[in-house]
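**Student:** Below are the structure tokens for one structure; questions will follow.
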Protein chains: 2
Amino acid sequence: MADPVLGPVPDEYRETMERFGIDPIEEVADRLPDDPLIRRGIVFGHRDLGAVLDARDRGDEFAVMTGLMPSGPFHFGHKTVVEHLRLYQEMGAPVTLCVADVEAYLTRDVSLDEARQVAIEEYLPNYAALGIDLESADLYFQSTAGNDGQLLSKLFARHLTANQVAATYGDADPDTLVSALTEAADIVRPQTTRGEAVPTVVPVGIDQDPHIRLTRDAVARYRDAAYRKPASTYHRFMRGLRGGKMSSSDPASHVALSEPIESAKRKIDAAKTGGRASVAEHREKGANVEADVVFELLAFHLVDDDDELARIRREYAAGNLLSGELKALAKDRLETFLDAHRRRRGAVAERVERIAAERLPEVNI
Amino acid sequence: MADPVLGPVPDEYRETMERFGIDPIEEVADRLPDDPLIRRGIVFGHRDLGAVLDARDRGDEFAVMTGLMPSGPFHFGHKTVVEHLRLYQEMGAPVTLCVADVEAYLTRDVSLDEARQVAIEEYLPNYAALGIDLESADLYFQSTAGNDGQLLSKLFARHLTANQVAATYGDADPDTLVSALTEAADIVRPQTTRGEAVPTVVPVGIDQDPHIRLTRDAVARYRDAAYRKPASTYHRFMRGLRGGKMSSSDPASHVALSEPIESAKRKIDAAKTGGRASVAEHREKGANVEADVVFELLAFHLVDDDDELARIRREYAAGNLLSGELKALAKDRLETFLDAHRRRRGAVAERVERIAAERLPEVNI
């Protein structure tokens, strides 16, 4: 299961996989497209994906669903989520995309208007620029989920206990509970909007697995309709630029996709590397590639060609390539990517605004 | 505050009034219609009704809101709720009437379809037959509250704590919490549908005051719109026919308004009276009127004329009227009432069914 380019899946991922029944993606990889997410081990696990792939193979409908939390800047961590979603779009799955404005209101201390504005100005243009077809997608805001989702989320309350919610999320406060119920209905949405219980896959980071499990429990106990338990696949995230977690709320940990290039370059200069204490030691021992977040940035986001990436890794591990040289390469590629992405985003901006306006709420509260 | 016909407000009511700031209705009685509910002390308390009456006096709009739990038969306890609602309808308040089908689903272990059917076949015809104008009312089902109420109930979750819900309802389980949030949004509904924060009164039994208090707290903390705290007035319920609480789930405790007359008469025969152990003792000491639920049935529901009711009480208290004679009178009046009510209900049935169908959900879950 270890991938030579990115190194093995971290131990804490493995523990979660074993504890909660997430299987290695290798089991089904030969049924998936030849995609860097799979080849590089960025998507590493799945639960029940076989049922979705069986539907695809029979020529039956299958669906993909994801949500976005409109809070903070759209950074490279979010880019992986979008690419994971795009994988299924390219396989022919209709896309359901939920703007979690209600959850942002409940958990991020913003108004609904602020949450919607961040979604429209920051998140959706990046989704479109990264290749998600918002026009054909079932793009909706939680605040306009309408009777189906709003109601279903309430009905699920009969089938979950406070203990279960607390065990899953750490507390069962009203905002936590309503968020959990809302997400469960969001995940079921493709099965309600498409008129039948279509097999649905939810591409997530492993930190999102509690939502998946809670939804599966609610669906299993809900007897008023025969919904399927959602399938899921799991992606790794690159670490934050200083090590640790990449986070929207810690600017030093991430580069935003709308970040000015000079600021982005300074962050690369300050990033955690696997270089040794001296050039001599580096030449002798080679870099500690697995400790290097600049290499991760290249592998996750900036080098398309597998052979080139393997060569970079080899040279770096052998000590032929210095950390400063790796950073220079990363800054160069980053500049190229951000420039091109900015143009793509500019090209879709107006269309995204129109689509979002069409899907926006008429709410009188 | 004691009413000579019904006796004083029970001590536990007084304690709740003092603890939670419910004022005696006498304070505002001269601004209310001359109605048996007020004259007989059936409506005994209020909170903030002055603001509603001030709006009425200025010629401004004011509203009345109530909900019904579609579960079990519609009995004489429910009749008091409807008469309390009708009081405000007659004062000119537009009526908002919520069918709590979501709460029935969450707390009564029925399906939404069953809950709606009970509402349409059992509750709404009785509301109409008792004089509520459903055609002009904002009659809605919780399951179709639409974005406004469904969404608002979720947003309120940010402004309430699990402790507060548990302190109010005894637990903060998902079904309890979602019910509480849903009710809070229901109570605010007249302020969202009428385009401004119209002063709203909610006529309730004192057991419903926790909902009112929780809603007032949520509204006070919600800053995204300037809703008014709801006003409320409180009615007494007559006791169950055997003493204790009248309950939908205990047939011996109530007479349903659709009950066959023979069954109703048998329940009166078995009812708890204030008669003495022997006729001689009864003639000597007179009845214990306050212990007598048959007299309550007459006072709450079956004797329209105040003078006649006062005379019955006097004769009964003096021992001139025996319990058996009081029961005979009650059975006679009950038969007359149930017959007339059955005719009224038959006359409105078709119209009610049409109105309910118009307001019913198109939900795809």
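Convention: chains lettered A, B, ... in structure tokens order; per-chain residue numbering from 1; ligands numbered from 1 as shown.
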Could you please select, counting only C-alpha atoms, the residues of chain B within 8 Å of chain A and state them as a PyMOL selection string?

**Tutor:** chain B and resi 102+105-107+111+143-148+150-152+154-155+157-158+160-162+172-175+177-178+192-193+195+224-225+363-365

**Student:** Deliver the residues from the most recent selection as a file, using C-alpha atoms, as a compact mmCIF listing (two decimals), in the first residue's frame.

**Tutor:**
```txt
# COMPACT_ATOMS: atom_id res chain seq x y z
CA VAL B 102 -42.46 16.49 12.55
CA TYR B 105 -42.75 11.72 14.09
CA LEU B 106 -39.93 12.48 16.52
CA THR B 107 -41.71 11.86 19.79
CA SER B 111 -44.79 8.02 10.45
CA SER B 143 -42.90 19.16 7.35
CA THR B 144 -43.62 21.93 4.81
CA ALA B 145 -42.53 24.90 6.82
CA GLY B 146 -40.30 25.69 3.85
CA ASN B 147 -37.01 27.44 4.01
CA ASP B 148 -38.02 30.07 6.48
CA GLN B 150 -36.86 24.93 8.62
CA LEU B 151 -33.82 27.16 8.30
CA LEU B 152 -34.56 29.43 11.24
CA LYS B 154 -31.42 25.38 12.58
CA LEU B 155 -29.94 28.83 13.06
CA ALA B 157 -29.13 26.09 17.47
CA ARG B 158 -26.22 28.54 17.67
CA LEU B 160 -29.06 27.73 22.71
CA THR B 161 -26.98 25.39 24.83
CA ALA B 162 -27.51 21.69 25.51
CA ALA B 172 -31.17 17.18 25.26
CA ASP B 173 -31.59 14.12 23.08
CA PRO B 174 -31.65 14.74 19.34
CA ASP B 175 -35.44 14.34 19.09
CA LEU B 177 -33.66 19.25 20.76
CA VAL B 178 -34.93 19.26 17.19
CA THR B 192 -41.51 36.05 9.19
CA THR B 193 -44.59 35.47 7.03
CA GLY B 195 -43.21 40.81 6.62
CA ASP B 224 -29.66 38.40 12.42
CA ALA B 225 -33.17 39.81 12.57
CA VAL B 363 -41.75 16.11 -0.34
CA ASN B 364 -39.53 13.59 -1.96
CA ILE B 365 -37.92 11.69 0.87
```

**Student:** Can you tell me, as JSON, numbers by chain, what residues are no more than 9 Å from stretch 94-100 of chain B when counting only C-alpha atoms, ignoring any on the same chain fewer than 6 positions away?

**Tutor:** {"B": [61, 62, 63, 64, 65, 66, 67, 68, 69, 70, 85, 86, 88, 115, 116, 119, 132, 133, 134, 136, 137, 138, 139, 140, 141, 142, 143, 145, 183, 186, 189, 190]}

**Student:** Which value, in Å to one decimal, gives the distance between atom CA of A:Val303 and atom CA of A:Ser249?

**Tutor:**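 A separation of 26.5 Å between them.
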
**Student:** Set the distance at 8 Å and use only C-alpha atoms: which residues neighbour stretch 270-283 of chain B once local chain neighbours fewer than 4 positions away are removed? I'd like the list as a list in words.

**Tutor:**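 With the cut-off at 8 Å, the set is Leu241, Arg242, Gly243, Arg266, Ala287, Asn288, Val289, Glu290, Ala291, Asp292, Val293, Val294, Ala318, Gly319, Asn320, Leu322 and Ser323 of chain B.
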
**Student:** One number please: atom CA of A:Leu334 to atom CA of A:Gly7, in Å, one decimal.

**Tutor:**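 According to the coordinates, atom CA of A:Leu334 and atom CA of A:Gly7 are separated by 22.4 Å.
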
**Student:** Residues of stretch 69-204 of chain B classed as alpha helix (DSSP H) by DSSP on the backbone are to be reported as a PyMOL selection string.

**Tutor:** chain B and resi 76-90+101-107+112-118+124-129+146-155+162-169+174-193

**Student:** Which of these, B:Phe300, B:Phe237, B:Phe20, B:Phe76, has the shortest distance to B:His254 once you count only C-alpha atoms?

**Tutor:**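 Nearest candidate to B:His254 out of B:Phe300, B:Phe237, B:Phe20, B:Phe76: B:Phe76.
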
**Student:** So the first atom is atom CA of B:Arg342 and the second is atom CA of B:Leu257; what is the distance between them in Å, to one decimal place?

**Tutor:**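 We find that atom CA of B:Arg342 and atom CA of B:Leu257 lie 8.0 Å from each other.
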
**Student:** With a distance cut-off of 9 Å and only C-alpha atoms, select the neighbouring residues of B:Leu302, excluding the residue or stretch itself and same-chain residues fewer than 4 positions from it, and output the selection as number ranges by chain.

**Tutor:** B: 297-298, 330, 333-334, 337

**Student:** Please run DSSP on the backbone and report, as a list in words, all residues within stretch 214-327 of chain A that come out as strand (DSSP E or B).

**Tutor:**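 The strand (DSSP E or B) subset of stretch 214-327 of chain A is Ala231, Ser232, Thr233, Tyr234, His235 and Ala256 of chain A.
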
**Student:** Mind writing the picked residues with N, CA, C and O atoms as an mmCIF file, in the first residue's frame?

**Tutor:**
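Once everything was written out, this is result.cif:
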```cif
data_model
loop_
_atom_site.group_PDB
_atom_site.id
_atom_site.type_symbol
_atom_site.label_atom_id
_atom_site.label_comp_id
_atom_site.auth_asym_id
_atom_site.auth_seq_id
_atom_site.Cartn_x
_atom_site.Cartn_y
_atom_site.Cartn_z
ATOM 1 N N ALA A 231 -21.108 5.256 0.035
ATOM 2 C CA ALA A 231 -19.719 4.804 -0.052
ATOM 3 C C ALA A 231 -18.806 6.016 0.129
ATOM 4 O O ALA A 231 -19.259 7.163 0.053
ATOM 5 N N SER A 232 -17.551 5.749 0.381
ATOM 6 C CA SER A 232 -16.627 6.866 0.572
ATOM 7 C C SER A 232 -15.230 6.466 0.124
ATOM 8 O O SER A 232 -14.868 5.292 0.164
ATOM 9 N N THR A 233 -14.470 7.461 -0.346
ATOM 10 C CA THR A 233 -13.034 7.252 -0.559
ATOM 11 C C THR A 233 -12.299 8.366 0.171
ATOM 12 O O THR A 233 -12.864 9.438 0.424
ATOM 13 N N TYR A 234 -11.049 8.108 0.519
ATOM 14 C CA TYR A 234 -10.300 8.939 1.460
ATOM 15 C C TYR A 234 -9.002 9.427 0.838
ATOM 16 O O TYR A 234 -8.265 8.638 0.244
ATOM 17 N N HIS A 235 -8.755 10.726 0.975
ATOM 18 C CA HIS A 235 -7.481 11.258 0.474
ATOM 19 C C HIS A 235 -6.603 11.726 1.631
ATOM 20 O O HIS A 235 -7.083 12.126 2.676
ATOM 21 N N ALA A 256 -2.699 30.171 -0.327
ATOM 22 C CA ALA A 256 -4.024 30.256 -0.933
ATOM 23 C C ALA A 256 -3.880 30.282 -2.449
ATOM 24 O O ALA A 256 -2.858 30.748 -2.971
#
```

**Student:** Residues at most 9 Å from A:Leu130, counting only C-alpha atoms, excluding those fewer than 5 positions away in the same chain, as a list in words?

**Tutor:**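 That gives Lys79, Val82, Glu83, Arg86, Pro125, His341, Arg344 and Arg345 of chain A.
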
**Student:** Need the shell around B:Val118: protein/DNA/RNA residues with any atom at most 8 Å away, counting only C-alpha atoms. Skip same-chain ones fewer than 5 positions apart. Format as a PyMOL selection string?

**Tutor:** chain B and resi 70-72+123

**Student:** Near A:Ala29, within 9 Å and counting only C-alpha atoms, which residues show up once chain neighbours fewer than 4 positions away are dropped, as JSON, numbers by chain?

**Tutor:** {"A": [25, 33, 34, 38, 39]}

**Student:** Can I get the selection written as a tab-separated table (two decimals), in the first residue's frame, with N, CA and C atoms?

**Tutor:**
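Written file, out_6.tsv:
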```tsv
chain	number	residue	atom	x	y	z
A	25	ILE	N	-7.23	1.36	-1.04
A	25	ILE	CA	-7.77	1.66	-2.37
A	25	ILE	C	-7.24	0.66	-3.40
A	33	PRO	N	-9.95	5.15	-12.82
A	33	PRO	CA	-9.15	5.75	-13.89
A	33	PRO	C	-7.68	5.84	-13.49
A	34	ASP	N	-6.84	5.90	-14.50
A	34	ASP	CA	-5.41	6.08	-14.27
A	34	ASP	C	-5.18	7.54	-13.93
A	38	ILE	N	-4.60	8.37	-7.60
A	38	ILE	CA	-4.51	6.94	-7.29
A	38	ILE	C	-3.06	6.49	-7.39
A	39	ARG	N	-2.42	6.85	-8.51
A	39	ARG	CA	-1.04	6.39	-8.73
A	39	ARG	C	-0.12	6.84	-7.62
```
